[in-house]
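Undergrad: Below is a structure I'd like to ask you about.
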Amino acid sequence: MPVPPTSPLPTATTPPRFPAGFLWGAATSAYQVEGAVAEDGRTPSIWDTFCRTPGKVFQGHTGEIAVDHYHRFREDVRLMAELGLTAYRFSVSWPRVQPTGRGPAAKPGLDFYRRLADELLSHGITPVATLYHWDLPQELESAGGWPERATAERFAEYAALVGEALGDRVGHWTTLNEPWCSAFLGYGSGVHAPGRTDPVAALRAAHHLNLGHGLAVDALRGVLPASAKVSVSLNLHALRPLTPSAADRDAVRRIDAVGNRVFLGPLLEGAYPEDLLADTAHLTDWSFVRTGDATRIHRALDWLGVNYYTPTVVSTAAEGAAPAREDGHGGGTASPWPGADRIGFHAAPGERTAMGWAVDATGLHQLLTDLTDRYPGLPLIVSENGAAYVDRGGEDGTVDDPERTAYLHAHLAAVHRAAADGADVRGYFAWSLMDNFEWAYGYDKRFGLVHVDFPTQTRTPKASARWYARVARSGELHPPA
Ligand code: IFM
């Protein structure tokens, strides 16, 4: 979404207060934390396959053990309770609960999530389940994956099966996490599983993810109690033109189309944006969109999840010039932006995290207020926000991470300001509860509030976790100590 240049956040003399009932959470995803990839009937997902492909993941790391959440979830839930969290956003591993991606459920897999939900509830923590955080059963990818319509239909069946099994204990549901990454990093630039580099497959995947979402919303509503809340989480791009020129503003429009409105349009307005169809007309006629799909996708949602980390600065490269390629999405030789070939990506100004991402909380404020302007009354949740840093362990066993605390503080201030400006923001989930498998970066990047010593699996809350606990308990945004 286009955003104006950086403006300073206000300072307050008394700590800003969040409303009662605001969800204070942390998030993880199945493949990043669970491990136990071959236990209880789980079959390989596309990420198991990708990790085994030489050169795809930093130093050949895999999620085979990850942070062993599958076995240590009780300890992890205890930690969440100690940190004052009121909600935990986790994802369900499709190949764990429906190993072949079709047909009956695997009871041991479902039992794991039943136990996890029960443990959370017994500590007064609201479970928020995401159905798909990138771990497609390999068998479905071998049958064509997300570029094929059948995958969307399988997804709806899987949604019904999980909803039916867990709907008595889980009241908050998210269909997809960051479908942009699944479609465009998975099938466009190939830096994520399944590692394909085909722009048309990426657009087809985006449509079938949208369709899978819509079908899954109906499937969930068919089996869940009427009180259940259903949502989707998008990693929306907070866009800025490199210069105020018409060419750079057009770059913003193009990336807004293929980065944001490719999802917002069909999910919230019932149509793909005309300019996206025009920008990609040389690649595809979009005939994979069938009559009736617009309605199938455009289903009522209880909230929209917004995942935000950093803004994106773009320009239009001159004819014949090589565009700048710093889009923060893991390099790769192919573009994750079909139809946007001459767009340059530039480093946003300011401090950087260990991912090289600029720290700029105004992008989050702008996303939340822009969404509110465009979709008045739509409840929002910040379903991911956080930062990777090289954390320093003290000799006394503590982990001091002042940069992360400052990052979280600035972004929560932006959330508070957006709410004051009219956005209906219902909760905030720090990414991540604990250090984990950061996809193509393996275990090299640490996003956790809780430090994990990977060889011993020892968990140590970082200083940022202690600060976040104080905020969550009081509902007040205390400045970092
Ligand atoms: O770790 C990821 C997460 O799985 C999806 N959103 C971004 C995070 C940080 O890269």
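Order determines the names: the first chain of the structure tokens is A, the second B, and so forth; residues in each chain are numbered 1 upward, and ligands are numbered 1 upward as they are shown.
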Write out as a list in words the residues lying within 7 Å of Glu34 (chain A), counting only C-alpha atoms and excluding same-chain residues fewer than 5 positions away.
TA: Ala66, Val67, Asp68, His69 and Tyr70 of chain A
Undergrad: Once you have the residues from the selection above, write them out as a short mmCIF file (atom, residue, chain, number, x, y, z; two decimals), in the first residue's frame, restricted to all heavy atoms.
TA:
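Generated output (out-v2.cif):
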data_model
loop_
_atom_site.label_atom_id
_atom_site.label_comp_id
_atom_site.auth_asym_id
_atom_site.auth_seq_id
_atom_site.Cartn_x
_atom_site.Cartn_y
_atom_site.Cartn_z
N ALA A 66 13.84 -28.87 14.63
CA ALA A 66 13.41 -27.49 14.91
C ALA A 66 13.62 -27.18 16.39
O ALA A 66 14.71 -27.42 16.90
CB ALA A 66 11.98 -27.26 14.46
N VAL A 67 12.60 -26.69 17.11
CA VAL A 67 12.80 -26.45 18.54
C VAL A 67 11.95 -27.43 19.36
O VAL A 67 11.62 -27.17 20.51
CB VAL A 67 12.59 -24.98 18.94
CG1 VAL A 67 13.70 -24.13 18.31
CG2 VAL A 67 11.24 -24.44 18.51
N ASP A 68 11.65 -28.56 18.71
CA ASP A 68 11.05 -29.69 19.41
C ASP A 68 9.76 -29.34 20.16
O ASP A 68 9.44 -29.92 21.20
CB ASP A 68 12.08 -30.28 20.40
CG ASP A 68 11.74 -31.71 20.80
OD1 ASP A 68 11.07 -32.40 20.01
OD2 ASP A 68 12.12 -32.11 21.91
N HIS A 69 9.01 -28.39 19.59
CA HIS A 69 7.76 -27.95 20.23
C HIS A 69 6.77 -29.12 20.32
O HIS A 69 5.93 -29.17 21.22
CB HIS A 69 7.18 -26.84 19.36
CG HIS A 69 6.00 -26.10 19.90
ND1 HIS A 69 5.98 -25.48 21.13
CD2 HIS A 69 4.77 -25.82 19.35
CE1 HIS A 69 4.80 -24.87 21.31
NE2 HIS A 69 4.06 -25.08 20.25
N TYR A 70 6.87 -30.07 19.40
CA TYR A 70 5.95 -31.21 19.41
C TYR A 70 6.04 -31.96 20.74
O TYR A 70 5.04 -32.44 21.26
CB TYR A 70 6.31 -32.16 18.25
CG TYR A 70 5.27 -33.23 17.96
CD1 TYR A 70 4.03 -32.88 17.42
CD2 TYR A 70 5.52 -34.59 18.22
CE1 TYR A 70 3.07 -33.85 17.14
CE2 TYR A 70 4.57 -35.56 17.93
CZ TYR A 70 3.36 -35.18 17.39
OH TYR A 70 2.40 -36.14 17.12
#
Undergrad: What are the closest atom pairs, with distances in Å to one decimal, for each residue of chain A lying within 7 Å of ligand 1, using only C-alpha atoms and all ligand atoms, rows by chain and rising residue number, as a Markdown table?
TA:
| residue | atom | partner | partner_atom_place_in_ligand_line | distance |
| --- | --- | --- | --- | --- |
| A:Ser29 | CA | ligand 1 | 4 (O) | 6.4 |
| A:Glu178 | CA | ligand 1 | 5 (C) | 6.8 |
| A:Asn307 | CA | ligand 1 | 6 (N) | 6.9 |
| A:Glu384 | CA | ligand 1 | 6 (N) | 6.7 |
| A:Trp431 | CA | ligand 1 | 8 (C) | 6.8 |
| A:Glu438 | CA | ligand 1 | 1 (O) | 5.1 |
| A:Trp439 | CA | ligand 1 | 1 (O) | 6.8 |
Undergrad: Would you mind telling me which residue in A:Gly427, A:Gly25, A:Pro461, A:Gly363 lies nearest to Leu304 (chain A) when using only C-alpha atoms?
TA: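 Of A:Gly427, A:Gly25, A:Pro461, A:Gly363, the one nearest Leu304 (chain A) is A:Gly427, counting only C-alpha atoms.
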Undergrad: Pick the closest to Val217 (chain A) from A:Ala193, A:Ala156, A:Val252, A:Val200: which is it, counting only C-alpha atoms?
TA: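 Once distances to Val217 (chain A) are computed over only C-alpha atoms, the minimum belongs to A:Ala156.
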Undergrad: From a DSSP calculation on the backbone, collect every residue of region 273-461 of chain A in alpha helix (DSSP H) and output the set as a PyMOL selection string.
TA: chain A and resi 274-279+293-297+362-374+402-420
Undergrad: Per DSSP on the backbone, what are the strand (DSSP E or B) residues of region 55-206 of chain A, as an MDAnalysis selection string?
TA: chainID A and resid 87:91 126:132 137 172:177
Undergrad: Measure the distance from CA of Gly222 (chain A) to CA of Arg204 (chain A) in Å and round it to one decimal.
TA: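 So the answer is 26.8 Å.
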Undergrad: For Leu268 (chain A), find every residue with an atom within 10 Å (counting only C-alpha atoms), except residues of its own chain fewer than 2 positions away, and show them as a compact mmCIF listing (two decimals) with all heavy atoms, in the first residue's frame.
TA:
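As written to disk, out02.txt reads:
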# COMPACT_ATOMS: atom_id res chain seq x y z
N ARG A 261 -3.00 -5.98 -3.65
CA ARG A 261 -4.38 -6.03 -4.13
C ARG A 261 -4.73 -7.34 -4.82
O ARG A 261 -5.90 -7.65 -5.01
CB ARG A 261 -4.64 -4.81 -5.03
CG ARG A 261 -4.67 -3.51 -4.21
CD ARG A 261 -4.96 -2.28 -5.07
NE ARG A 261 -3.83 -1.86 -5.88
CZ ARG A 261 -3.81 -1.82 -7.21
NH1 ARG A 261 -4.89 -2.17 -7.90
NH2 ARG A 261 -2.75 -1.41 -7.86
N PHE A 263 -4.55 -9.98 -3.45
CA PHE A 263 -5.29 -10.68 -2.38
C PHE A 263 -6.45 -9.82 -1.86
O PHE A 263 -7.57 -10.30 -1.73
CB PHE A 263 -4.33 -11.07 -1.24
CG PHE A 263 -3.22 -11.96 -1.72
CD1 PHE A 263 -1.92 -11.49 -1.85
CD2 PHE A 263 -3.48 -13.27 -2.11
CE1 PHE A 263 -0.91 -12.31 -2.35
CE2 PHE A 263 -2.49 -14.09 -2.60
CZ PHE A 263 -1.19 -13.61 -2.73
N LEU A 264 -6.16 -8.56 -1.55
CA LEU A 264 -7.21 -7.71 -0.97
C LEU A 264 -8.41 -7.60 -1.91
O LEU A 264 -9.56 -7.61 -1.47
CB LEU A 264 -6.66 -6.30 -0.69
CG LEU A 264 -5.61 -6.20 0.42
CD1 LEU A 264 -5.02 -4.79 0.45
CD2 LEU A 264 -6.21 -6.55 1.78
N GLY A 265 -8.14 -7.49 -3.22
CA GLY A 265 -9.23 -7.33 -4.19
C GLY A 265 -10.22 -8.48 -4.10
O GLY A 265 -11.40 -8.29 -3.76
N PRO A 266 -9.79 -9.70 -4.44
CA PRO A 266 -10.76 -10.80 -4.40
C PRO A 266 -11.28 -11.12 -3.00
O PRO A 266 -12.46 -11.42 -2.83
CB PRO A 266 -9.97 -11.99 -4.97
CG PRO A 266 -8.55 -11.57 -5.02
CD PRO A 266 -8.50 -10.09 -5.02
N GLY A 270 -14.22 -8.77 -3.91
CA GLY A 270 -14.89 -9.66 -4.86
C GLY A 270 -14.40 -9.54 -6.30
O GLY A 270 -15.11 -9.97 -7.21
N ALA A 271 -13.20 -9.00 -6.52
CA ALA A 271 -12.69 -8.91 -7.91
C ALA A 271 -11.18 -8.70 -7.90
O ALA A 271 -10.64 -8.06 -6.98
CB ALA A 271 -13.36 -7.74 -8.63
N ILE A 297 -14.61 -16.71 -3.34
CA ILE A 297 -13.47 -16.16 -2.59
C ILE A 297 -13.91 -15.05 -1.62
O ILE A 297 -13.37 -14.92 -0.52
CB ILE A 297 -12.42 -15.59 -3.58
CG1 ILE A 297 -11.84 -16.73 -4.43
CG2 ILE A 297 -11.32 -14.86 -2.83
CD1 ILE A 297 -10.97 -16.26 -5.59
N HIS A 298 -14.88 -14.27 -2.03
CA HIS A 298 -15.26 -13.08 -1.26
C HIS A 298 -16.23 -13.48 -0.14
O HIS A 298 -17.44 -13.35 -0.28
CB HIS A 298 -15.92 -12.09 -2.24
CG HIS A 298 -16.26 -10.77 -1.62
ND1 HIS A 298 -17.24 -9.96 -2.11
CD2 HIS A 298 -15.75 -10.13 -0.54
CE1 HIS A 298 -17.33 -8.87 -1.37
NE2 HIS A 298 -16.44 -8.95 -0.41
N ARG A 299 -15.70 -13.96 0.95
CA ARG A 299 -16.54 -14.42 2.07
C ARG A 299 -16.36 -13.46 3.26
O ARG A 299 -15.28 -12.87 3.41
CB ARG A 299 -16.15 -15.84 2.53
CG ARG A 299 -15.93 -16.84 1.43
CD ARG A 299 -17.05 -16.89 0.42
NE ARG A 299 -18.29 -17.44 0.94
CZ ARG A 299 -19.48 -17.24 0.38
NH1 ARG A 299 -19.60 -16.50 -0.71
NH2 ARG A 299 -20.56 -17.78 0.90
N ALA A 300 -17.38 -13.37 4.06
CA ALA A 300 -17.29 -12.47 5.23
C ALA A 300 -16.20 -12.95 6.18
O ALA A 300 -16.08 -14.15 6.45
CB ALA A 300 -18.64 -12.44 5.95
N LEU A 301 -15.41 -12.01 6.67
CA LEU A 301 -14.33 -12.33 7.62
C LEU A 301 -14.57 -11.62 8.94
O LEU A 301 -15.15 -10.53 8.97
CB LEU A 301 -12.98 -11.87 7.05
CG LEU A 301 -12.51 -12.60 5.80
CD1 LEU A 301 -11.18 -12.01 5.32
CD2 LEU A 301 -12.35 -14.09 6.08
N LEU A 304 -9.08 -9.14 9.67
CA LEU A 304 -7.97 -9.35 8.75
C LEU A 304 -6.68 -9.33 9.56
O LEU A 304 -6.45 -8.41 10.35
CB LEU A 304 -7.94 -8.23 7.70
CG LEU A 304 -6.77 -8.31 6.71
CD1 LEU A 304 -6.92 -9.50 5.77
CD2 LEU A 304 -6.66 -7.02 5.91
N ARG A 374 -9.94 2.08 3.49
CA ARG A 374 -10.46 1.35 2.32
C ARG A 374 -11.60 0.41 2.70
O ARG A 374 -12.51 0.18 1.91
CB ARG A 374 -9.30 0.56 1.71
CG ARG A 374 -9.56 0.20 0.26
CD ARG A 374 -8.46 -0.65 -0.32
NE ARG A 374 -7.25 0.09 -0.62
CZ ARG A 374 -6.19 -0.45 -1.23
NH1 ARG A 374 -6.19 -1.73 -1.55
NH2 ARG A 374 -5.13 0.25 -1.47
N TYR A 375 -11.52 -0.15 3.90
CA TYR A 375 -12.55 -1.13 4.34
C TYR A 375 -13.06 -0.70 5.72
O TYR A 375 -12.72 -1.31 6.74
CB TYR A 375 -11.95 -2.55 4.40
CG TYR A 375 -11.23 -2.93 3.14
CD1 TYR A 375 -9.85 -3.02 3.09
CD2 TYR A 375 -11.95 -3.18 1.96
CE1 TYR A 375 -9.18 -3.34 1.91
CE2 TYR A 375 -11.29 -3.49 0.78
CZ TYR A 375 -9.92 -3.57 0.76
OH TYR A 375 -9.26 -3.88 -0.41
N LEU A 378 -13.60 -2.78 9.27
CA LEU A 378 -12.97 -4.12 9.25
C LEU A 378 -12.07 -4.28 10.48
O LEU A 378 -11.10 -3.53 10.64
CB LEU A 378 -12.13 -4.27 7.98
CG LEU A 378 -11.37 -5.59 7.84
CD1 LEU A 378 -12.33 -6.75 7.62
CD2 LEU A 378 -10.36 -5.52 6.69
Undergrad: Find the residues around region 100-108 of chain A up to 10 Å (only C-alpha atoms counted), leave out those fewer than 2 positions away in its own chain, and share them as a PDB file with N, CA and C atoms, in the first residue's frame.
TA:
ATOM      1  N   GLU A  39       7.095 -38.448  12.872  1.00  0.00           N
ATOM      2  CA  GLU A  39       6.382 -39.124  13.969  1.00  0.00           C
ATOM      3  C   GLU A  39       4.887 -39.184  13.745  1.00  0.00           C
ATOM      4  N   ASP A  40       4.287 -40.216  14.297  1.00  0.00           N
ATOM      5  CA  ASP A  40       2.825 -40.346  14.359  1.00  0.00           C
ATOM      6  C   ASP A  40       2.160 -40.220  12.996  1.00  0.00           C
ATOM      7  N   GLY A  41       2.853 -40.709  11.980  1.00  0.00           N
ATOM      8  CA  GLY A  41       2.223 -40.784  10.660  1.00  0.00           C
ATOM      9  C   GLY A  41       2.390 -39.558   9.799  1.00  0.00           C
ATOM     10  N   ARG A  42       3.101 -38.509  10.302  1.00  0.00           N
ATOM     11  CA  ARG A  42       3.296 -37.320   9.455  1.00  0.00           C
ATOM     12  C   ARG A  42       4.103 -37.705   8.216  1.00  0.00           C
ATOM     13  N   THR A  43       3.723 -37.148   7.085  1.00  0.00           N
ATOM     14  CA  THR A  43       4.448 -37.388   5.832  1.00  0.00           C
ATOM     15  C   THR A  43       5.218 -36.114   5.464  1.00  0.00           C
ATOM     16  N   PRO A  44       6.136 -36.198   4.494  1.00  0.00           N
ATOM     17  CA  PRO A  44       6.895 -34.989   4.138  1.00  0.00           C
ATOM     18  C   PRO A  44       6.019 -33.891   3.543  1.00  0.00           C
ATOM     19  N   SER A  45       6.369 -32.676   3.891  1.00  0.00           N
ATOM     20  CA  SER A  45       5.760 -31.505   3.247  1.00  0.00           C
ATOM     21  C   SER A  45       6.750 -30.978   2.210  1.00  0.00           C
ATOM     22  N   TRP A  94      -0.482 -29.549   7.959  1.00  0.00           N
ATOM     23  CA  TRP A  94      -1.389 -30.345   7.106  1.00  0.00           C
ATOM     24  C   TRP A  94      -0.900 -31.807   6.981  1.00  0.00           C
ATOM     25  N   PRO A  95       0.391 -32.041   6.683  1.00  0.00           N
ATOM     26  CA  PRO A  95       0.817 -33.446   6.539  1.00  0.00           C
ATOM     27  C   PRO A  95       0.837 -34.225   7.852  1.00  0.00           C
ATOM     28  N   ARG A  96       0.659 -33.529   8.962  1.00  0.00           N
ATOM     29  CA  ARG A  96       0.578 -34.258  10.242  1.00  0.00           C
ATOM     30  C   ARG A  96      -0.849 -34.720  10.501  1.00  0.00           C
ATOM     31  N   VAL A  97      -1.810 -33.938  10.061  1.00  0.00           N
ATOM     32  CA  VAL A  97      -3.198 -34.305  10.392  1.00  0.00           C
ATOM     33  C   VAL A  97      -3.930 -34.955   9.230  1.00  0.00           C
ATOM     34  N   GLN A  98      -3.387 -34.824   8.019  1.00  0.00           N
ATOM     35  CA  GLN A  98      -3.995 -35.482   6.854  1.00  0.00           C
ATOM     36  C   GLN A  98      -2.825 -35.848   5.925  1.00  0.00           C
ATOM     37  N   LEU A 110      -4.078 -34.988  15.018  1.00  0.00           N
ATOM     38  CA  LEU A 110      -5.125 -34.128  15.598  1.00  0.00           C
ATOM     39  C   LEU A 110      -5.019 -34.097  17.115  1.00  0.00           C
ATOM     40  N   ASP A 111      -4.670 -35.244  17.701  1.00  0.00           N
ATOM     41  CA  ASP A 111      -4.563 -35.300  19.167  1.00  0.00           C
ATOM     42  C   ASP A 111      -3.506 -34.332  19.686  1.00  0.00           C
ATOM     43  N   PHE A 112      -2.424 -34.183  18.912  1.00  0.00           N
ATOM     44  CA  PHE A 112      -1.391 -33.233  19.343  1.00  0.00           C
ATOM     45  C   PHE A 112      -1.998 -31.835  19.486  1.00  0.00           C
ATOM     46  N   TYR A 113      -2.766 -31.415  18.474  1.00  0.00           N
ATOM     47  CA  TYR A 113      -3.330 -30.055  18.537  1.00  0.00           C
ATOM     48  C   TYR A 113      -4.434 -29.961  19.595  1.00  0.00           C
ATOM     49  N   ARG A 114      -5.117 -31.074  19.850  1.00  0.00           N
ATOM     50  CA  ARG A 114      -6.104 -31.060  20.961  1.00  0.00           C
ATOM     51  C   ARG A 114      -5.382 -30.819  22.282  1.00  0.00           C
ATOM     52  N   LEU A 136       2.734 -27.510   2.598  1.00  0.00           N
ATOM     53  CA  LEU A 136       1.847 -28.329   1.758  1.00  0.00           C
ATOM     54  C   LEU A 136       2.326 -29.778   1.774  1.00  0.00           C
ATOM     55  N   PRO A 137       1.400 -30.763   1.938  1.00  0.00           N
ATOM     56  CA  PRO A 137       1.853 -32.152   1.815  1.00  0.00           C
ATOM     57  C   PRO A 137       2.539 -32.350   0.456  1.00  0.00           C
ATOM     58  N   GLN A 138       3.699 -32.986   0.470  1.00  0.00           N
ATOM     59  CA  GLN A 138       4.461 -33.171  -0.773  1.00  0.00           C
ATOM     60  C   GLN A 138       3.618 -33.870  -1.831  1.00  0.00           C
ATOM     61  N   GLU A 139       2.770 -34.776  -1.365  1.00  0.00           N
ATOM     62  CA  GLU A 139       1.946 -35.521  -2.325  1.00  0.00           C
ATOM     63  C   GLU A 139       1.066 -34.578  -3.158  1.00  0.00           C
ATOM     64  N   LEU A 140       0.588 -33.514  -2.548  1.00  0.00           N
ATOM     65  CA  LEU A 140      -0.241 -32.560  -3.306  1.00  0.00           C
ATOM     66  C   LEU A 140       0.602 -31.721  -4.257  1.00  0.00           C
ATOM     67  N   GLU A 141       1.829 -31.409  -3.856  1.00  0.00           N
ATOM     68  CA  GLU A 141       2.711 -30.690  -4.788  1.00  0.00           C
ATOM     69  C   GLU A 141       3.044 -31.602  -5.977  1.00  0.00           C
ATOM     70  N   THR A 151      -5.923 -28.335  -5.584  1.00  0.00           N
ATOM     71  CA  THR A 151      -5.292 -28.106  -4.270  1.00  0.00           C
ATOM     72  C   THR A 151      -6.203 -27.239  -3.391  1.00  0.00           C
ATOM     73  N   GLU A 153      -9.404 -27.219  -3.550  1.00  0.00           N
ATOM     74  CA  GLU A 153     -10.521 -28.078  -3.102  1.00  0.00           C
ATOM     75  C   GLU A 153     -10.062 -28.989  -1.956  1.00  0.00           C
ATOM     76  N   ARG A 154      -8.824 -29.520  -2.086  1.00  0.00           N
ATOM     77  CA  ARG A 154      -8.298 -30.362  -0.995  1.00  0.00           C
ATOM     78  C   ARG A 154      -8.183 -29.518   0.286  1.00  0.00           C
ATOM     79  N   PHE A 155      -7.765 -28.270   0.130  1.00  0.00           N
ATOM     80  CA  PHE A 155      -7.575 -27.405   1.304  1.00  0.00           C
ATOM     81  C   PHE A 155      -8.892 -27.223   2.064  1.00  0.00           C
ATOM     82  N   GLU A 157     -11.357 -29.326   2.163  1.00  0.00           N
ATOM     83  CA  GLU A 157     -11.675 -30.587   2.871  1.00  0.00           C
ATOM     84  C   GLU A 157     -10.863 -30.693   4.162  1.00  0.00           C
ATOM     85  N   TYR A 158      -9.584 -30.322   4.038  1.00  0.00           N
ATOM     86  CA  TYR A 158      -8.695 -30.346   5.215  1.00  0.00           C
ATOM     87  C   TYR A 158      -9.204 -29.367   6.281  1.00  0.00           C
ATOM     88  N   LEU A 161     -12.085 -30.841   8.143  1.00  0.00           N
ATOM     89  CA  LEU A 161     -11.657 -31.923   9.033  1.00  0.00           C
ATOM     90  C   LEU A 161     -10.991 -31.376  10.311  1.00  0.00           C
ATOM     91  N   VAL A 162     -10.169 -30.350  10.170  1.00  0.00           N
ATOM     92  CA  VAL A 162      -9.516 -29.789  11.356  1.00  0.00           C
ATOM     93  C   VAL A 162     -10.538 -29.003  12.189  1.00  0.00           C
ATOM     94  N   ALA A 165     -12.604 -31.297  14.232  1.00  0.00           N
ATOM     95  CA  ALA A 165     -11.885 -31.946  15.335  1.00  0.00           C
ATOM     96  C   ALA A 165     -11.565 -30.973  16.471  1.00  0.00           C
TER      97      ALA A 165
END
Undergrad: Can you list, as a ChimeraX atom specification, every protein, DNA or RNA residue that comes within 8 Å of region 253-255 of chain A when you count only C-alpha atoms, leaving out same-chain residues fewer than 5 positions away?
TA: /A:2,239,260,275-276,279,337,340
Undergrad: Find the residues near Ala30 (chain A): any atom within 8 Å, counting only C-alpha atoms, skip ones fewer than 3 places away on the same chain, and give them as a list in words.
TA: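 What passes the distance filter is Val33, Glu34, Phe90, Ser91, Val92, Ser93 and His133 of chain A.
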Undergrad: Would you mind telling me which residue in A:His61, A:Ser315, A:Trp303, A:Ala423 lies nearest to Ala246 (chain A) when using only C-alpha atoms?
TA: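 Checking each candidate against Ala246 (chain A), we get A:Ser315 as the closest.
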